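K.L.:
Sharing final-v5.csv here; it has CSV, N, CA, C and O atoms.
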```csv
chain,number,residue,atom,x,y,z
A,1,MET,N,-8.6,-41.3,-30.7
A,1,MET,CA,-8.8,-40.3,-29.7
A,1,MET,C,-8.2,-39.0,-30.0
A,1,MET,O,-7.2,-38.9,-30.7
A,2,SER,N,-8.8,-38.0,-29.4
A,2,SER,CA,-8.3,-36.6,-29.6
A,2,SER,C,-7.1,-36.3,-28.7
A,2,SER,O,-7.1,-36.7,-27.5
A,3,THR,N,-6.2,-35.6,-29.2
A,3,THR,CA,-5.0,-35.2,-28.4
A,3,THR,C,-5.2,-33.8,-27.8
A,3,THR,O,-4.3,-33.3,-27.2
A,4,GLU,N,-6.4,-33.3,-28.0
A,4,GLU,CA,-6.6,-32.0,-27.5
A,4,GLU,C,-6.8,-32.0,-26.0
A,4,GLU,O,-7.5,-32.9,-25.5
A,5,ARG,N,-6.2,-31.1,-25.3
A,5,ARG,CA,-6.3,-31.1,-23.8
A,5,ARG,C,-7.2,-30.0,-23.3
A,5,ARG,O,-7.0,-28.9,-23.8
A,6,HIS,N,-8.1,-30.3,-22.4
A,6,HIS,CA,-9.0,-29.2,-21.8
A,6,HIS,C,-8.7,-29.2,-20.3
A,6,HIS,O,-8.5,-30.2,-19.7
A,7,SER,N,-8.8,-27.9,-19.8
A,7,SER,CA,-8.6,-27.8,-18.4
A,7,SER,C,-9.9,-28.2,-17.7
A,7,SER,O,-11.0,-27.8,-18.1
A,8,LEU,N,-9.8,-28.9,-16.6
A,8,LEU,CA,-11.0,-29.4,-15.9
A,8,LEU,C,-11.8,-28.2,-15.4
A,8,LEU,O,-13.0,-28.2,-15.5
A,9,PRO,N,-11.2,-27.2,-14.7
A,9,PRO,CA,-12.0,-26.0,-14.2
A,9,PRO,C,-12.7,-25.3,-15.4
A,9,PRO,O,-13.9,-24.9,-15.2
A,10,GLY,N,-12.1,-25.2,-16.5
A,10,GLY,CA,-12.7,-24.6,-17.7
A,10,GLY,C,-13.9,-25.4,-18.2
A,10,GLY,O,-15.0,-24.8,-18.5
A,11,VAL,N,-13.8,-26.7,-18.2
A,11,VAL,CA,-14.9,-27.5,-18.7
A,11,VAL,C,-16.1,-27.4,-17.7
A,11,VAL,O,-17.2,-27.3,-18.1
A,12,ILE,N,-15.8,-27.5,-16.4
A,12,ILE,CA,-16.8,-27.4,-15.4
A,12,ILE,C,-17.5,-26.1,-15.5
A,12,ILE,O,-18.8,-26.0,-15.4
A,13,GLY,N,-16.8,-25.0,-15.6
A,13,GLY,CA,-17.3,-23.6,-15.7
A,13,GLY,C,-18.2,-23.5,-16.9
A,13,GLY,O,-19.3,-22.9,-16.9
A,14,GLN,N,-17.8,-24.0,-18.1
A,14,GLN,CA,-18.6,-23.9,-19.3
A,14,GLN,C,-19.9,-24.8,-19.2
A,14,GLN,O,-21.0,-24.3,-19.6
A,15,ASP,N,-19.8,-25.9,-18.5
A,15,ASP,CA,-20.9,-26.8,-18.3
A,15,ASP,C,-21.9,-26.1,-17.4
A,15,ASP,O,-23.1,-26.2,-17.7
A,16,LEU,N,-21.4,-25.5,-16.3
A,16,LEU,CA,-22.3,-24.8,-15.4
A,16,LEU,C,-23.0,-23.6,-16.1
A,16,LEU,O,-24.2,-23.4,-15.9
A,17,LEU,N,-22.3,-22.9,-16.9
A,17,LEU,CA,-22.9,-21.7,-17.6
A,17,LEU,C,-23.9,-22.2,-18.7
A,17,LEU,O,-24.9,-21.5,-18.9
A,18,ARG,N,-23.7,-23.3,-19.3
A,18,ARG,CA,-24.6,-23.8,-20.3
A,18,ARG,C,-25.8,-24.5,-19.8
A,18,ARG,O,-26.9,-24.2,-20.2
A,19,HIS,N,-25.6,-25.3,-18.8
A,19,HIS,CA,-26.7,-26.2,-18.3
A,19,HIS,C,-27.1,-26.0,-16.9
A,19,HIS,O,-28.1,-26.5,-16.5
A,20,GLY,N,-26.3,-25.3,-16.1
A,20,GLY,CA,-26.6,-25.2,-14.7
A,20,GLY,C,-26.8,-23.8,-14.2
A,20,GLY,O,-26.4,-23.5,-13.0
A,21,LYS,N,-27.4,-22.9,-14.9
A,21,LYS,CA,-27.6,-21.6,-14.5
A,21,LYS,C,-28.5,-21.5,-13.2
A,21,LYS,O,-28.2,-20.8,-12.3
A,22,LEU,N,-29.6,-22.2,-13.3
A,22,LEU,CA,-30.6,-22.2,-12.2
A,22,LEU,C,-30.0,-22.7,-10.9
A,22,LEU,O,-30.1,-22.1,-9.8
A,23,PRO,N,-29.3,-23.9,-10.9
A,23,PRO,CA,-28.7,-24.4,-9.7
A,23,PRO,C,-27.6,-23.5,-9.2
A,23,PRO,O,-27.5,-23.3,-8.0
A,24,LEU,N,-26.9,-22.8,-10.1
A,24,LEU,CA,-25.8,-21.9,-9.7
A,24,LEU,C,-26.4,-20.7,-9.0
A,24,LEU,O,-26.0,-20.2,-8.0
A,25,ILE,N,-27.5,-20.1,-9.6
A,25,ILE,CA,-28.2,-19.0,-9.0
A,25,ILE,C,-28.8,-19.4,-7.6
A,25,ILE,O,-28.6,-18.6,-6.6
A,26,LEU,N,-29.4,-20.6,-7.5
A,26,LEU,CA,-29.9,-21.0,-6.2
A,26,LEU,C,-28.8,-21.2,-5.2
A,26,LEU,O,-29.0,-20.9,-4.0
A,27,PHE,N,-27.7,-21.7,-5.6
A,27,PHE,CA,-26.5,-21.9,-4.7
A,27,PHE,C,-26.1,-20.6,-4.1
A,27,PHE,O,-25.9,-20.5,-2.9
A,28,PHE,N,-25.9,-19.6,-5.0
A,28,PHE,CA,-25.5,-18.3,-4.4
A,28,PHE,C,-26.6,-17.7,-3.6
A,28,PHE,O,-26.3,-17.0,-2.6
A,29,ALA,N,-27.9,-17.9,-3.9
A,29,ALA,CA,-29.0,-17.4,-3.1
A,29,ALA,C,-28.9,-18.0,-1.7
A,29,ALA,O,-29.2,-17.3,-0.7
A,30,VAL,N,-28.7,-19.3,-1.7
A,30,VAL,CA,-28.6,-20.0,-0.4
A,30,VAL,C,-27.4,-19.5,0.4
A,30,VAL,O,-27.5,-19.2,1.7
A,31,ILE,N,-26.3,-19.3,-0.2
A,31,ILE,CA,-25.1,-18.8,0.5
A,31,ILE,C,-25.4,-17.4,1.1
A,31,ILE,O,-25.1,-17.1,2.2
A,32,ILE,N,-25.9,-16.5,0.2
A,32,ILE,CA,-26.2,-15.1,0.7
A,32,ILE,C,-27.2,-15.1,1.8
A,32,ILE,O,-27.1,-14.4,2.8
A,33,SER,N,-28.3,-16.0,1.7
A,33,SER,CA,-29.3,-16.0,2.8
A,33,SER,C,-28.7,-16.6,4.1
A,33,SER,O,-29.0,-16.1,5.2
A,34,ALA,N,-27.8,-17.5,4.0
A,34,ALA,CA,-27.1,-18.1,5.1
A,34,ALA,C,-26.3,-17.0,5.8
A,34,ALA,O,-26.3,-16.9,7.1
A,35,ILE,N,-25.6,-16.3,5.1
A,35,ILE,CA,-24.7,-15.2,5.6
A,35,ILE,C,-25.6,-14.2,6.3
A,35,ILE,O,-25.3,-13.7,7.4
A,36,TYR,N,-26.8,-13.9,5.7
A,36,TYR,CA,-27.7,-12.9,6.3
A,36,TYR,C,-28.3,-13.4,7.6
A,36,TYR,O,-28.4,-12.7,8.5
A,37,VAL,N,-28.6,-14.7,7.6
A,37,VAL,CA,-29.2,-15.3,8.9
A,37,VAL,C,-28.1,-15.3,10.0
A,37,VAL,O,-28.4,-14.9,11.1
A,38,VAL,N,-26.9,-15.6,9.7
A,38,VAL,CA,-25.8,-15.5,10.7
A,38,VAL,C,-25.6,-14.1,11.2
A,38,VAL,O,-25.5,-13.9,12.4
A,39,THR,N,-25.6,-13.2,10.3
A,39,THR,CA,-25.4,-11.8,10.7
A,39,THR,C,-26.6,-11.3,11.5
A,39,THR,O,-26.4,-10.6,12.5
A,40,THR,N,-27.8,-11.6,11.2
A,40,THR,CA,-29.0,-11.2,11.9
A,40,THR,C,-29.0,-11.9,13.3
A,40,THR,O,-29.3,-11.2,14.3
A,41,ALA,N,-28.6,-13.1,13.4
A,41,ALA,CA,-28.5,-13.8,14.7
A,41,ALA,C,-27.5,-13.1,15.6
A,41,ALA,O,-27.7,-12.9,16.8
A,42,HIS,N,-26.4,-12.8,15.0
A,42,HIS,CA,-25.3,-12.1,15.8
A,42,HIS,C,-25.8,-10.7,16.3
A,42,HIS,O,-25.6,-10.4,17.5
A,43,LYS,N,-26.4,-10.0,15.4
A,43,LYS,CA,-26.9,-8.6,15.9
A,43,LYS,C,-28.0,-8.8,16.9
A,43,LYS,O,-28.1,-8.0,17.9
A,44,THR,N,-28.8,-9.8,16.8
A,44,THR,CA,-29.9,-10.1,17.8
A,44,THR,C,-29.3,-10.4,19.2
A,44,THR,O,-29.7,-9.9,20.2
A,45,ARG,N,-28.2,-11.2,19.2
A,45,ARG,CA,-27.5,-11.5,20.4
A,45,ARG,C,-26.9,-10.3,21.0
A,45,ARG,O,-27.0,-10.1,22.3
A,46,LEU,N,-26.3,-9.4,20.2
A,46,LEU,CA,-25.7,-8.2,20.7
A,46,LEU,C,-26.8,-7.3,21.3
A,46,LEU,O,-26.6,-6.7,22.4
A,47,LEU,N,-27.9,-7.2,20.6
A,47,LEU,CA,-29.0,-6.3,21.1
A,47,LEU,C,-29.6,-6.9,22.4
A,47,LEU,O,-30.0,-6.1,23.3
A,48,THR,N,-29.7,-8.2,22.5
A,48,THR,CA,-30.3,-8.8,23.7
A,48,THR,C,-29.3,-8.6,24.9
A,48,THR,O,-29.8,-8.3,26.0
A,49,ALA,N,-28.0,-8.7,24.7
A,49,ALA,CA,-27.1,-8.4,25.7
A,49,ALA,C,-27.1,-7.0,26.2
A,49,ALA,O,-27.1,-6.6,27.4
A,50,GLU,N,-27.3,-6.1,25.2
A,50,GLU,CA,-27.4,-4.6,25.5
A,50,GLU,C,-28.7,-4.4,26.3
A,50,GLU,O,-28.7,-3.6,27.3
A,51,LYS,N,-29.8,-5.0,25.9
A,51,LYS,CA,-31.0,-4.9,26.6
A,51,LYS,C,-30.9,-5.3,28.1
A,51,LYS,O,-31.4,-4.7,29.0
A,52,GLU,N,-30.3,-6.5,28.3
A,52,GLU,CA,-30.1,-7.0,29.7
A,52,GLU,C,-29.2,-6.0,30.5
A,52,GLU,O,-29.5,-5.8,31.7
A,53,ARG,N,-28.2,-5.4,29.9
A,53,ARG,CA,-27.3,-4.5,30.6
A,53,ARG,C,-28.2,-3.2,31.0
A,53,ARG,O,-28.1,-2.7,32.1
A,54,LEU,N,-29.0,-2.8,30.0
A,54,LEU,CA,-29.8,-1.6,30.3
A,54,LEU,C,-30.9,-1.9,31.4
A,54,LEU,O,-31.2,-1.0,32.2
A,55,VAL,N,-31.4,-3.1,31.4
A,55,VAL,CA,-32.4,-3.4,32.4
A,55,VAL,C,-31.7,-3.4,33.8
A,55,VAL,O,-32.3,-2.9,34.8
A,56,LEU,N,-30.5,-4.0,33.9
A,56,LEU,CA,-29.8,-4.0,35.2
A,56,LEU,C,-29.5,-2.5,35.6
A,56,LEU,O,-29.6,-2.2,36.8
A,57,GLU,N,-29.1,-1.7,34.6
A,57,GLU,CA,-28.8,-0.3,35.0
A,57,GLU,C,-30.0,0.4,35.4
A,57,GLU,O,-30.0,1.2,36.4
A,58,LYS,N,-31.2,0.1,34.8
A,58,LYS,CA,-32.5,0.7,35.2
A,58,LYS,C,-32.8,0.3,36.6
A,58,LYS,O,-33.3,1.1,37.4
A,59,ASN,N,-32.6,-1.0,37.0
A,59,ASN,CA,-32.8,-1.4,38.3
A,59,ASN,C,-32.0,-0.7,39.4
A,59,ASN,O,-32.5,-0.3,40.4
A,60,VAL,N,-30.7,-0.5,39.0
A,60,VAL,CA,-29.8,0.2,39.9
A,60,VAL,C,-30.3,1.6,40.1
A,60,VAL,O,-30.3,2.2,41.2
A,61,LEU,N,-30.6,2.3,39.0
A,61,LEU,CA,-31.1,3.7,39.1
A,61,LEU,C,-32.4,3.8,39.9
A,61,LEU,O,-32.7,4.7,40.6
A,62,ASP,N,-33.3,2.8,39.7
A,62,ASP,CA,-34.6,2.8,40.4
A,62,ASP,C,-34.3,2.6,41.9
A,62,ASP,O,-35.0,3.3,42.7
A,63,ILE,N,-33.4,1.8,42.3
A,63,ILE,CA,-33.1,1.6,43.7
A,63,ILE,C,-32.5,2.9,44.3
A,63,ILE,O,-32.9,3.4,45.4
A,64,GLU,N,-31.6,3.6,43.5
A,64,GLU,CA,-31.0,4.8,43.9
A,64,GLU,C,-32.1,5.9,44.1
A,64,GLU,O,-32.1,6.7,45.0
A,65,TRP,N,-33.1,6.0,43.1
A,65,TRP,CA,-34.1,6.9,43.2
A,65,TRP,C,-35.0,6.7,44.4
A,65,TRP,O,-35.4,7.7,45.1
A,66,ARG,N,-35.3,5.5,44.7
A,66,ARG,CA,-36.1,5.2,45.9
A,66,ARG,C,-35.4,5.6,47.2
A,66,ARG,O,-36.0,6.2,48.1
A,67,ASN,N,-34.1,5.4,47.2
A,67,ASN,CA,-33.3,5.8,48.4
A,67,ASN,C,-33.2,7.3,48.5
A,67,ASN,O,-33.3,7.9,49.6
A,68,LEU,N,-33.2,8.0,47.4
A,68,LEU,CA,-33.2,9.5,47.4
A,68,LEU,C,-34.6,10.0,47.9
A,68,LEU,O,-34.6,11.0,48.7
A,69,ILE,N,-35.6,9.4,47.5
A,69,ILE,CA,-37.0,9.8,48.0
A,69,ILE,C,-37.1,9.6,49.5
A,69,ILE,O,-37.6,10.4,50.2
A,70,LEU,N,-36.5,8.4,50.0
A,70,LEU,CA,-36.6,8.2,51.4
A,70,LEU,C,-35.7,9.2,52.2
A,70,LEU,O,-36.1,9.7,53.2
A,71,GLU,N,-34.6,9.6,51.6
A,71,GLU,CA,-33.7,10.6,52.2
A,71,GLU,C,-34.4,11.9,52.2
A,71,GLU,O,-34.3,12.7,53.2
A,72,GLU,N,-35.0,12.3,51.1
A,72,GLU,CA,-35.7,13.6,51.0
A,72,GLU,C,-36.8,13.6,52.1
A,72,GLU,O,-37.0,14.6,52.8
A,73,ASN,N,-37.6,12.5,52.2
A,73,ASN,CA,-38.7,12.5,53.2
A,73,ASN,C,-38.1,12.6,54.7
A,73,ASN,O,-38.7,13.3,55.5
A,74,ALA,N,-37.0,12.0,54.9
A,74,ALA,CA,-36.4,12.1,56.2
A,74,ALA,C,-35.8,13.5,56.5
A,74,ALA,O,-36.0,14.0,57.6
A,75,LEU,N,-35.3,14.1,55.5
A,75,LEU,CA,-34.7,15.4,55.7
A,75,LEU,C,-35.8,16.5,55.9
A,75,LEU,O,-35.6,17.5,56.5
A,76,ALA,N,-37.0,16.2,55.3
A,76,ALA,CA,-38.0,17.2,55.3
A,76,ALA,C,-39.0,17.0,56.5
A,76,ALA,O,-40.0,17.6,56.6
A,77,ASP,N,-38.7,16.0,57.3
A,77,ASP,CA,-39.6,15.7,58.4
A,77,ASP,C,-39.7,16.9,59.3
A,77,ASP,O,-38.8,17.6,59.7
A,78,HIS,N,-41.0,17.2,59.8
A,78,HIS,CA,-41.3,18.4,60.5
A,78,HIS,C,-40.5,18.5,61.8
A,78,HIS,O,-40.0,19.5,62.2
A,79,SER,N,-40.4,17.4,62.6
A,79,SER,CA,-39.7,17.4,63.8
A,79,SER,C,-38.2,17.6,63.7
A,79,SER,O,-37.6,18.3,64.5
A,80,ARG,N,-37.7,17.1,62.6
A,80,ARG,CA,-36.2,17.4,62.3
A,80,ARG,C,-36.0,18.9,62.0
A,80,ARG,O,-35.1,19.5,62.5
A,81,VAL,N,-36.9,19.4,61.2
A,81,VAL,CA,-36.7,20.8,60.8
A,81,VAL,C,-36.9,21.7,62.1
A,81,VAL,O,-36.1,22.7,62.3
A,82,GLU,N,-37.9,21.4,62.9
A,82,GLU,CA,-38.1,22.2,64.1
A,82,GLU,C,-36.9,22.0,65.1
A,82,GLU,O,-36.5,23.0,65.6
A,83,ARG,N,-36.4,20.8,65.2
A,83,ARG,CA,-35.2,20.7,66.1
A,83,ARG,C,-34.0,21.4,65.5
A,83,ARG,O,-33.3,22.1,66.3
A,84,PHE,N,-33.8,21.4,64.2
A,84,PHE,CA,-32.7,22.1,63.6
A,84,PHE,C,-32.8,23.6,63.8
A,84,PHE,O,-31.9,24.3,64.2
A,85,ALA,N,-34.1,24.1,63.7
A,85,ALA,CA,-34.3,25.6,63.9
A,85,ALA,C,-34.1,26.0,65.3
A,85,ALA,O,-33.5,27.0,65.6
A,86,SER,N,-34.4,25.2,66.2
A,86,SER,CA,-34.2,25.6,67.6
A,86,SER,C,-32.8,25.4,68.1
A,86,SER,O,-32.2,26.2,68.8
A,87,GLU,N,-32.1,24.3,67.7
A,87,GLU,CA,-30.8,24.0,68.2
A,87,GLU,C,-29.7,24.8,67.4
A,87,GLU,O,-28.9,25.4,68.0
A,88,GLN,N,-29.8,24.8,66.1
A,88,GLN,CA,-28.8,25.4,65.3
A,88,GLN,C,-29.0,26.9,65.1
A,88,GLN,O,-28.0,27.7,65.1
A,89,LEU,N,-30.2,27.3,64.9
A,89,LEU,CA,-30.5,28.7,64.6
A,89,LEU,C,-31.0,29.5,65.8
A,89,LEU,O,-31.2,30.7,65.7
A,90,GLY,N,-31.3,28.8,66.9
A,90,GLY,CA,-31.8,29.5,68.1
A,90,GLY,C,-33.2,30.1,67.9
A,90,GLY,O,-33.5,31.1,68.6
A,91,MET,N,-34.0,29.5,67.1
A,91,MET,CA,-35.4,30.0,66.9
A,91,MET,C,-36.3,29.4,68.0
A,91,MET,O,-36.1,28.3,68.4
A,92,VAL,N,-37.3,30.2,68.3
A,92,VAL,CA,-38.3,29.7,69.3
A,92,VAL,C,-39.6,30.1,68.8
A,92,VAL,O,-39.8,30.9,67.9
A,93,HIS,N,-40.6,29.4,69.4
A,93,HIS,CA,-42.0,29.7,69.1
A,93,HIS,C,-42.4,31.0,69.6
A,93,HIS,O,-42.0,31.4,70.7
A,94,VAL,N,-43.2,31.8,68.9
A,94,VAL,CA,-43.6,33.1,69.3
A,94,VAL,C,-44.8,33.0,70.3
A,94,VAL,O,-45.7,32.2,70.1
A,95,ASP,N,-44.7,33.7,71.4
A,95,ASP,CA,-45.8,33.8,72.3
A,95,ASP,C,-47.0,34.5,71.7
A,95,ASP,O,-46.8,35.6,71.1
A,96,PRO,N,-48.1,33.9,71.7
A,96,PRO,CA,-49.3,34.5,71.0
A,96,PRO,C,-49.6,35.9,71.5
A,96,PRO,O,-50.2,36.7,70.8
A,97,THR,N,-49.3,36.2,72.8
A,97,THR,CA,-49.6,37.5,73.3
A,97,THR,C,-48.7,38.6,72.8
A,97,THR,O,-49.0,39.8,72.8
A,98,LYS,N,-47.5,38.2,72.2
A,98,LYS,CA,-46.5,39.1,71.7
A,98,LYS,C,-46.6,39.2,70.1
A,98,LYS,O,-45.8,39.9,69.5
A,99,GLU,N,-47.6,38.6,69.6
A,99,GLU,CA,-47.7,38.6,68.1
A,99,GLU,C,-48.3,39.9,67.7
A,99,GLU,O,-49.2,40.4,68.3
A,100,ASN,N,-47.8,40.4,66.6
A,100,ASN,CA,-48.4,41.6,66.0
A,100,ASN,C,-48.8,41.3,64.5
A,100,ASN,O,-48.0,40.8,63.8
A,101,ILE,N,-50.0,41.5,64.2
A,101,ILE,CA,-50.5,41.3,62.9
A,101,ILE,C,-50.6,42.6,62.2
A,101,ILE,O,-51.2,43.6,62.6
A,102,VAL,N,-50.0,42.7,61.0
A,102,VAL,CA,-50.0,43.9,60.2
A,102,VAL,C,-50.9,43.7,59.0
A,102,VAL,O,-50.7,42.7,58.3
A,103,VAL,N,-51.8,44.5,58.8
A,103,VAL,CA,-52.8,44.5,57.7
A,103,VAL,C,-52.6,45.7,56.9
A,103,VAL,O,-52.6,46.8,57.4
A,104,THR,N,-52.4,45.5,55.6
A,104,THR,CA,-52.2,46.7,54.7
A,104,THR,C,-53.4,46.7,53.8
A,104,THR,O,-53.9,45.7,53.4
A,105,LYS,N,-53.7,47.9,53.4
A,105,LYS,CA,-54.9,48.1,52.5
A,105,LYS,C,-54.4,48.7,51.2
A,105,LYS,O,-53.5,49.4,51.0
```
Taking this structure as input, can you express it in the form of C-alpha cells?

P.N.:
Amino acid sequence: MSTERHSLPGVIGQDLLRHGKLPLILFFAVIISAIYVVTTAHKTRLLTAEKERLVLEKNVLDIEWRNLILEENALADHSRVERFASEQLGMVHVDPTKENIVVTK
C-alpha cells in the first residue's frame, strides 16, 4: 500500500473537475434559478400588497370625490343661493316696472 496521504476535499474537487463538469454546471444553474424564483415570488407579493393598498386608497378617494360633488350640488342649489342673497345680502327681486334697459350702439 501507498503511504501517500490525500485530502478528501482535494480528491473530490479534482474528480468533479475531471469527470463532473456538466453535473456541477447544472447544480449551479439549479441553485441560481431557485434563488431567482424566490426573489421573483417575493417581489410579486410586495407588488400585490402595494396594488391592494392603492385600490383601497382609490376607493377612499372615490368616496370623498362623490361627497364633494354632492356638497357642491347642495351649495349651488338655486333656492339656497336665493335665500342667502335675500337674508344675508338684503337683495330683492326687481319690480319689472322699475327696470331700465340700457342699449348701447

K.L.:
Can you list, as a PyMOL selection string, every residue of stretch 39-105 of chain A that DSSP puts in alpha helix (DSSP H)?

P.N.:
chain A and resi 39-75+78-87

K.L.:
When you draw a straight line from atom O of A:Ile63 to atom O of A:Glu50, how long is it in Å?

P.N.:
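Straight-line distance from atom O of A:Ile63 to atom O of A:Glu50 works out to 19.9 Å.
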
K.L.:
Please measure the separation of atom CA of A:Arg66 and atom CA of A:His78, giving the value in Å to one decimal.

P.N.:
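Value for the atom CA of A:Arg66-atom CA of A:His78 distance: 20.4 Å.
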
K.L.:
Could you please determine the separation between atom CA of A:Ile12 and atom CA of A:Leu24 in Å, to one decimal place?

P.N.:
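So the two atoms, atom CA of A:Ile12 and atom CA of A:Leu24, lie 12.0 Å apart.
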